[in-house]
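Everything below belongs to final-v3.cif, which stores mmCIF, C-alpha atoms.
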data_model
#
loop_
_atom_site.label_atom_id
_atom_site.label_comp_id
_atom_site.auth_asym_id
_atom_site.auth_seq_id
_atom_site.Cartn_x
_atom_site.Cartn_y
_atom_site.Cartn_z
CA MET E 1 165.31 193.36 285.64
CA LEU E 2 168.17 191.67 283.77
CA SER E 3 170.38 191.81 286.86
CA PHE E 4 167.65 190.16 288.92
CA LEU E 5 167.33 187.29 286.40
CA LEU E 6 171.07 186.81 286.36
CA LEU E 7 171.06 186.62 290.16
CA LEU E 8 168.33 183.95 290.11
CA THR E 9 170.21 181.87 287.56
CA SER E 10 173.44 182.10 289.59
CA LEU E 11 171.75 180.62 292.66
CA SER E 12 171.69 176.82 292.93
CA ASN E 13 168.77 175.32 294.78
CA ALA E 14 169.52 172.35 297.04
CA HIS E 15 167.69 170.25 299.58
CA PRO E 16 168.91 168.87 302.91
CA GLY E 17 170.49 165.43 302.66
CA ILE E 18 170.56 165.47 298.82
CA PRO E 19 173.99 165.70 297.09
CA VAL E 20 174.56 168.83 295.01
CA GLU E 21 177.54 170.12 293.05
CA ALA E 22 179.43 173.23 294.14
CA VAL E 23 181.35 174.50 291.11
CA TYR E 24 184.34 176.79 291.56
CA THR E 25 185.48 178.35 288.26
CA VAL E 26 189.12 177.32 287.97
CA PRO E 27 191.14 178.88 285.08
CA SER E 28 193.04 176.60 282.75
CA GLY E 29 196.45 175.59 284.04
CA TYR E 30 195.57 176.22 287.71
CA SER E 31 195.12 173.72 290.54
CA CYS E 32 192.51 174.30 293.25
CA GLU E 33 192.79 173.46 296.96
CA GLU E 34 190.42 170.94 298.52
CA LEU E 35 187.09 171.93 300.05
CA VAL E 36 186.89 170.75 303.68
CA SER E 37 183.65 169.48 305.23
CA ASP E 38 181.88 171.73 307.70
CA ALA E 39 179.09 171.46 310.26
CA LEU E 40 176.62 172.67 307.60
CA PHE E 41 177.77 170.44 304.72
CA SER E 42 179.78 167.31 304.00
CA VAL E 43 182.10 166.89 300.97
CA LEU E 44 181.74 163.60 299.09
CA GLU E 45 183.87 164.04 295.93
CA ALA E 46 186.22 166.61 294.42
CA ASP E 47 187.30 167.02 290.77
CA SER E 48 189.17 170.12 289.50
CA GLY E 49 187.09 172.66 291.39
CA VAL E 50 183.82 170.72 291.18
CA PHE E 51 182.80 169.40 294.63
CA THR E 52 179.90 167.09 295.39
CA ILE E 53 178.50 168.11 298.78
CA VAL E 54 175.56 167.13 300.96
CA PRO E 55 173.80 170.03 302.76
CA LEU E 56 173.24 169.39 306.44
CA THR E 57 171.06 172.40 307.17
CA PHE E 58 167.29 172.58 306.67
CA SER E 59 166.82 176.03 305.18
CA ASP E 60 169.72 178.40 304.69
CA SER E 61 172.43 179.46 302.26
CA LEU E 62 175.62 177.43 302.62
CA PRO E 63 178.61 179.55 303.74
CA LEU E 64 181.16 178.03 301.35
CA PRO E 65 184.70 179.36 301.82
CA VAL E 66 186.92 181.18 299.31
CA LEU E 67 189.45 178.74 297.82
CA SER E 68 192.88 179.48 296.45
CA ALA E 69 194.27 178.24 293.11
CA TRP E 70 197.84 178.26 291.78
CA ASN E 71 199.80 177.38 288.65
CA ASP E 72 203.27 176.02 287.96
CA ILE E 73 205.02 179.41 287.79
CA GLY E 74 203.81 180.44 291.26
CA ASP E 75 200.79 182.61 290.46
CA THR E 76 197.93 182.44 292.99
CA LEU E 77 194.24 183.22 292.55
CA TYR E 78 191.33 183.35 294.98
CA LEU E 79 188.10 181.73 293.78
CA ASP E 80 184.73 183.03 294.98
CA PRO E 81 182.34 180.31 296.20
CA PRO E 82 179.08 179.57 294.39
CA GLN E 83 175.80 180.57 296.04
CA ILE E 84 173.87 177.48 297.17
CA VAL E 85 170.50 177.97 298.84
CA VAL E 86 169.01 175.04 300.79
CA THR E 87 165.22 174.67 300.65
CA GLY E 88 163.33 172.63 303.25
CA TRP E 89 161.32 169.48 302.46
CA PHE E 90 158.31 170.15 304.71
CA PRO E 91 155.05 169.64 302.83
CA ASP E 92 152.38 172.33 303.07
CA SER E 93 149.85 169.91 304.59
CA LEU E 94 151.95 169.53 307.73
CA MET E 95 152.30 173.28 308.09
CA THR E 96 148.53 173.81 308.17
CA PRO E 97 147.05 173.05 311.59
CA ALA E 98 143.73 171.19 311.72
CA PHE E 99 140.76 172.68 313.54
CA PRO E 100 139.48 170.81 316.59
CA PRO E 101 136.02 169.21 316.48
CA PHE E 102 133.27 171.63 317.24
CA PRO E 103 131.35 171.64 319.46
CA GLY E 104 133.70 169.90 321.89
CA TYR E 105 132.53 166.79 323.73
CA ILE E 106 132.21 167.34 327.47
CA SER E 107 131.31 164.45 329.74
CA ILE E 108 129.81 165.67 333.04
CA PRO E 109 128.66 162.90 335.39
CA PRO E 110 125.25 163.33 336.95
CA GLY E 111 124.95 164.58 340.49
CA LEU E 112 125.18 167.70 342.63
CA PRO E 113 128.34 169.71 343.48
CA GLU E 114 128.43 168.25 346.98
CA ASP E 115 128.75 164.80 345.41
CA TYR E 116 132.04 165.88 343.81
CA ALA E 117 133.31 167.38 347.08
CA ARG E 118 132.61 164.12 348.90
CA ASN E 119 135.02 162.27 346.59
CA VAL E 120 137.94 164.48 347.61
CA SER E 121 137.10 164.75 351.33
CA PHE E 122 139.96 162.57 352.56
CA TRP E 123 139.24 163.28 356.22
CA LEU E 124 135.99 161.37 355.89
CA VAL E 125 137.91 158.26 354.84
CA TRP E 126 140.71 158.60 357.41
CA GLY E 127 138.39 158.89 360.39
CA PRO E 128 139.34 160.39 363.78
CA PRO E 129 143.01 160.69 364.79
CA PRO E 130 144.50 157.78 366.78
CA GLY E 131 144.70 157.97 370.55
CA PHE E 132 147.81 158.30 372.71
CA PRO E 133 150.01 155.12 372.55
CA TRP E 134 149.73 154.23 376.23
CA LEU E 135 150.54 150.57 375.63
CA MET E 136 153.86 151.31 373.93
CA LEU E 137 154.77 153.83 376.64
CA ILE E 138 154.07 151.36 379.45
CA GLY E 139 156.05 148.65 377.66
CA GLY E 140 159.03 150.99 377.28
CA VAL E 141 158.96 151.94 380.96
CA VAL E 142 158.83 148.29 382.02
CA LEU E 143 161.75 147.41 379.74
CA LEU E 144 163.83 150.35 380.99
CA THR E 145 163.14 149.39 384.62
CA ALA E 146 164.16 145.78 383.98
CA VAL E 147 167.45 146.84 382.34
CA THR E 148 168.22 149.22 385.22
CA LEU E 149 167.56 146.54 387.86
CA PHE E 150 169.74 144.07 385.97
CA ILE E 151 172.66 146.52 385.83
CA LEU E 152 172.33 147.42 389.54
CA LYS E 153 172.17 143.76 390.53
CA ARG E 154 175.25 142.93 388.49
CA ARG E 155 177.24 145.80 390.00
CA LYS E 156 176.20 144.74 393.49
CA LYS E 157 177.31 141.20 392.76
CA GLU E 158 180.68 142.37 391.45
CA SER E 159 181.22 144.61 394.46
CA SER E 160 180.48 141.71 396.82
CA LEU E 161 183.26 139.55 395.34
CA PRO E 162 186.30 139.18 397.59
CA ALA E 163 189.14 141.48 396.70
CA GLU E 164 192.34 140.02 395.41
CA PRO E 165 194.89 139.59 398.16
CA GLU E 166 197.58 142.22 398.12
CA VAL E 167 201.12 141.13 397.32
CA HIS E 168 203.28 141.21 400.44
CA ILE E 169 206.41 143.31 399.94
CA PRO E 170 209.10 142.48 402.51
CA SER E 171 210.75 145.38 404.30
CA GLY E 172 213.96 146.04 406.17
CA LYS E 173 216.08 142.97 406.90
CA ALA E 174 213.59 140.70 405.16
CA ALA E 175 214.00 142.61 401.89
CA GLU E 176 217.78 142.53 402.28
CA LYS E 177 217.75 138.74 402.90
CA GLU E 178 215.51 138.24 399.86
CA ALA E 179 218.07 140.03 397.70
CA LEU E 180 221.02 138.09 399.17
CA ALA E 181 219.15 134.84 398.48
CA LEU E 182 219.87 135.42 394.80
CA LEU E 183 223.49 134.36 395.53
CA GLU E 184 222.18 130.83 396.11
CA SER E 185 219.77 130.72 393.14
CA GLU E 186 220.29 128.33 390.23
CA HIS E 187 220.55 131.24 387.77
CA TYR E 188 223.56 132.57 389.70
CA ILE E 189 225.17 129.16 390.08
CA HIS E 190 224.79 128.18 386.40
CA GLY E 191 225.54 131.64 385.01
CA HIS E 192 222.12 132.42 383.53
CA TRP E 193 222.67 136.15 383.72
CA ALA E 194 219.60 137.34 381.81
CA GLU E 195 217.31 135.30 384.09
CA LEU E 196 219.23 136.34 387.21
CA TYR E 197 218.89 140.03 386.40
CA GLY E 198 215.22 139.45 385.64
CA GLU E 199 214.84 138.59 389.36
CA VAL E 200 216.96 141.64 390.23
CA ASP E 201 214.60 143.75 388.16
CA ALA E 202 211.55 142.29 389.93
CA GLN E 203 212.99 143.00 393.41
CA PHE E 204 213.98 146.52 392.37
CA ARG E 205 210.42 147.21 391.14
CA ALA E 206 209.00 145.77 394.40
CA THR E 207 211.09 148.25 396.40
CA VAL E 208 209.94 151.13 394.18
CA ALA E 209 206.31 150.04 394.55
CA GLY E 210 206.51 149.76 398.33
CA LYS E 211 208.40 153.03 398.87
CA PHE E 212 207.07 155.32 396.15
CA GLY E 213 203.79 153.69 395.06
CA VAL E 214 204.87 153.18 391.40
CA VAL E 215 203.23 149.83 390.61
CA ASN E 216 202.79 149.96 386.83
CA LYS E 217 204.69 146.93 385.52
CA ALA E 218 204.54 148.26 381.94
CA LEU E 219 206.98 151.07 382.76
CA THR E 220 210.57 150.66 381.68
CA LEU E 221 213.44 151.32 384.06
CA ASN E 222 214.10 154.66 382.39
CA GLN E 223 210.45 155.63 382.76
CA ILE E 224 210.56 154.70 386.45
CA ALA E 225 213.65 156.88 386.85
CA SER E 226 211.89 159.80 385.12
CA THR E 227 208.87 159.39 387.41
CA LEU E 228 210.97 159.33 390.59
CA ALA E 229 213.00 162.36 389.48
CA SER E 230 210.06 164.64 390.35
CA THR E 231 210.73 164.34 394.10
CA GLY E 232 213.84 164.81 396.21
CA LYS E 233 213.68 161.33 397.75
CA GLY E 234 213.14 159.81 394.34
CA ARG E 235 216.24 161.52 392.92
CA LYS E 236 218.33 160.36 395.90
CA PHE E 237 217.04 156.82 395.50
CA MET E 238 217.89 156.77 391.79
CA GLU E 239 221.41 158.09 392.46
CA GLN E 240 222.06 154.97 394.59
CA ALA E 241 220.17 152.64 392.25
CA SER E 242 221.61 153.89 388.93
CA PRO E 243 224.45 151.27 388.79
CA ILE E 244 221.93 148.48 389.38
CA VAL E 245 219.57 149.90 386.74
CA ARG E 246 222.39 150.23 384.19
CA GLU E 247 223.69 146.70 384.81
CA THR E 248 220.18 145.23 384.67
CA THR E 249 219.55 146.91 381.31
CA LEU E 250 222.83 145.58 379.89
CA GLN E 251 222.27 142.01 381.09
CA ARG E 252 218.54 141.66 380.30
CA TYR E 253 218.25 143.50 377.01
CA ALA E 254 221.80 143.57 375.58
CA ASP E 255 223.02 140.14 376.81
CA TRP E 256 226.21 141.79 378.00
CA GLY E 257 227.56 138.79 379.89
CA SER E 258 228.95 138.67 383.41
CA THR E 259 230.88 136.66 386.00
CA ARG E 260 229.95 135.40 389.44
CA GLU E 261 232.14 138.03 391.12
CA ARG E 262 230.56 140.86 389.11
CA ALA E 263 227.01 139.55 389.64
CA ALA E 264 227.64 139.11 393.37
CA LYS E 265 228.76 142.74 393.62
CA PHE E 266 225.51 144.02 392.12
CA ILE E 267 223.38 141.61 394.17
CA ARG E 268 224.96 143.00 397.37
CA LYS E 269 224.29 146.53 396.15
CA LEU E 270 220.66 145.56 395.60
CA ALA E 271 220.50 144.07 399.12
CA ALA E 272 221.91 147.26 400.65
CA LEU E 273 219.50 149.39 398.62
CA ARG E 274 216.49 147.32 399.67
CA GLY E 275 217.58 147.21 403.29
CA GLU E 276 217.81 151.00 403.40
CA TRP E 277 214.72 151.97 401.36
CA SER E 278 212.31 149.25 402.44
CA ARG E 279 212.07 150.35 406.08
#
Final structure tokens representation of the file:
Amino acid sequence: MLSFLLLLTSLSNAHPGIPVEAVYTVPSGYSCEELVSDALFSVLEADSGVFTIVPLTFSDSLPLPVLSAWNDIGDTLYLDPPQIVVTGWFPDSLMTPAFPPFPGYISIPPGLPEDYARNVSFWLVWGPPPGFPWLMLIGGVVLLTAVTLFILKRRKKESSLPAEPEVHIPSGKAAEKEALALLESEHYIHGHWAELYGEVDAQFRATVAGKFGVVNKALTLNQIASTLASTGKGRKFMEQASPIVRETTLQRYADWGSTRERAAKFIRKLAALRGEWSR
């Protein structure tokens, strides 16, 4: 019985949110380490082992840690924490549930059960299902027919337009004379080599288009050579035309520079090439 009374006196009652003192018994001449706040309590003040804390739990014993104490000569002690029990603040009146009113009030409207069923019979309000949308279907067919007729009429109109006239590519002696006419052009006389070899390039491409059917003007000279290399005649043609192609590339794209004698030599080579391969 005495032990039980001593246990009750050693317990400190506390309430949540209300500051309470946690007293650690520190011997004389010793210093105590600080008590650190926890999730279940918050430390407000500290004074020689006496800590003012605020419990943050509703109903539980606070798990205070064991603190260490030491003196000047190096001795160390471990102090047991005080027992602090937190008691809740709920009043008894809130813990006692109230009885509902008896007998309970039930409001039943007058009428028969079929009256209630009529209120939830949604199919009576909706009525019969709608009919087939013939009007929208006919409108869609008419619109589709009109669009189809418009497209067919436009294609027929485009097909009836006169075709663009084909570019005449001279052949034989005519092609050779066209190449030799470059010796009398203003670009040759005034030494405009880039412009002169632009005309050489155009006549070379005309010969390739007439003989081999390569008419894409976006192709470079190297791409034309790669295309013609797939056939035996194309390779033979490029063997004869390679000096002209190389000189045209240097003059048009590298601004290599030339003389009348040098330009005349390549113009005559172009004339011979066109005369042979434009027949």
query = For this file, the PyMOL selection byres ((chain E and resi 36-40) around 6) selects which residues, as an NGL selection string?
reply = :E and (35 or 41-43 or 56-57)
task = On this file, the PyMOL selection byres ((chain E and resi 66) around 6) gives some set of residues; write that set as a PyMOL selection string.
result = chain E and resi 65+67+79-81
ask   = Closest to Gly210 in chain E among E:Arg279, E:Leu44, E:Val147, E:Val50, using all atoms listed in the file?
value = E:Arg279
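Counting all atoms listed in the file, Val245 in chain E has the following residues at most 9 Å away, ignoring those fewer than 2 positions along the same chain: Asp201, Phe204, Leu221, Asn222, Met238, Ala241, Ser242, Pro243, Glu247, Thr248, Thr249 and Leu250 of chain E.
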request  = Taking the file above as input, evaluate the PyMOL selection byres ((chain E and resi 251-260) around 10) and report the hits as a list in words.
outcome  = Leu183, Tyr188, Ile189, His190, Gly191, His192, Trp193, Ala194, Glu195, Leu196, Tyr197, Gly198, Asp201, Arg246, Glu247, Thr248, Thr249, Leu250, Glu261, Arg262, Ala263, Ala264 and Lys265 of chain E
task = Enter the distance from CA of Thr87 in chain E to CA of Ser61 in chain E, in Å, rounded to one decimal.
result =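 About the pair CA of Thr87 in chain E and CA of Ser61 in chain E: they are 8.8 Å apart.
Closest approach to Pro82 in chain E among E:Ser226, E:Thr25, E:Ser278, E:Thr207 is made by E:Thr25 (distances from all atoms listed in the file).
A straight line drawn from CA of Glu21 in chain E to CA of Gly74 in chain E is 28.3 Å long.
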message = Residues near Val26 in chain E, anyone? I mean within 10 Å using only C-alpha atoms, not counting same-chain ones fewer than 4 positions away, as a PyMOL selection string.
response = chain E and resi 30-32+48-50+67-70+77-79
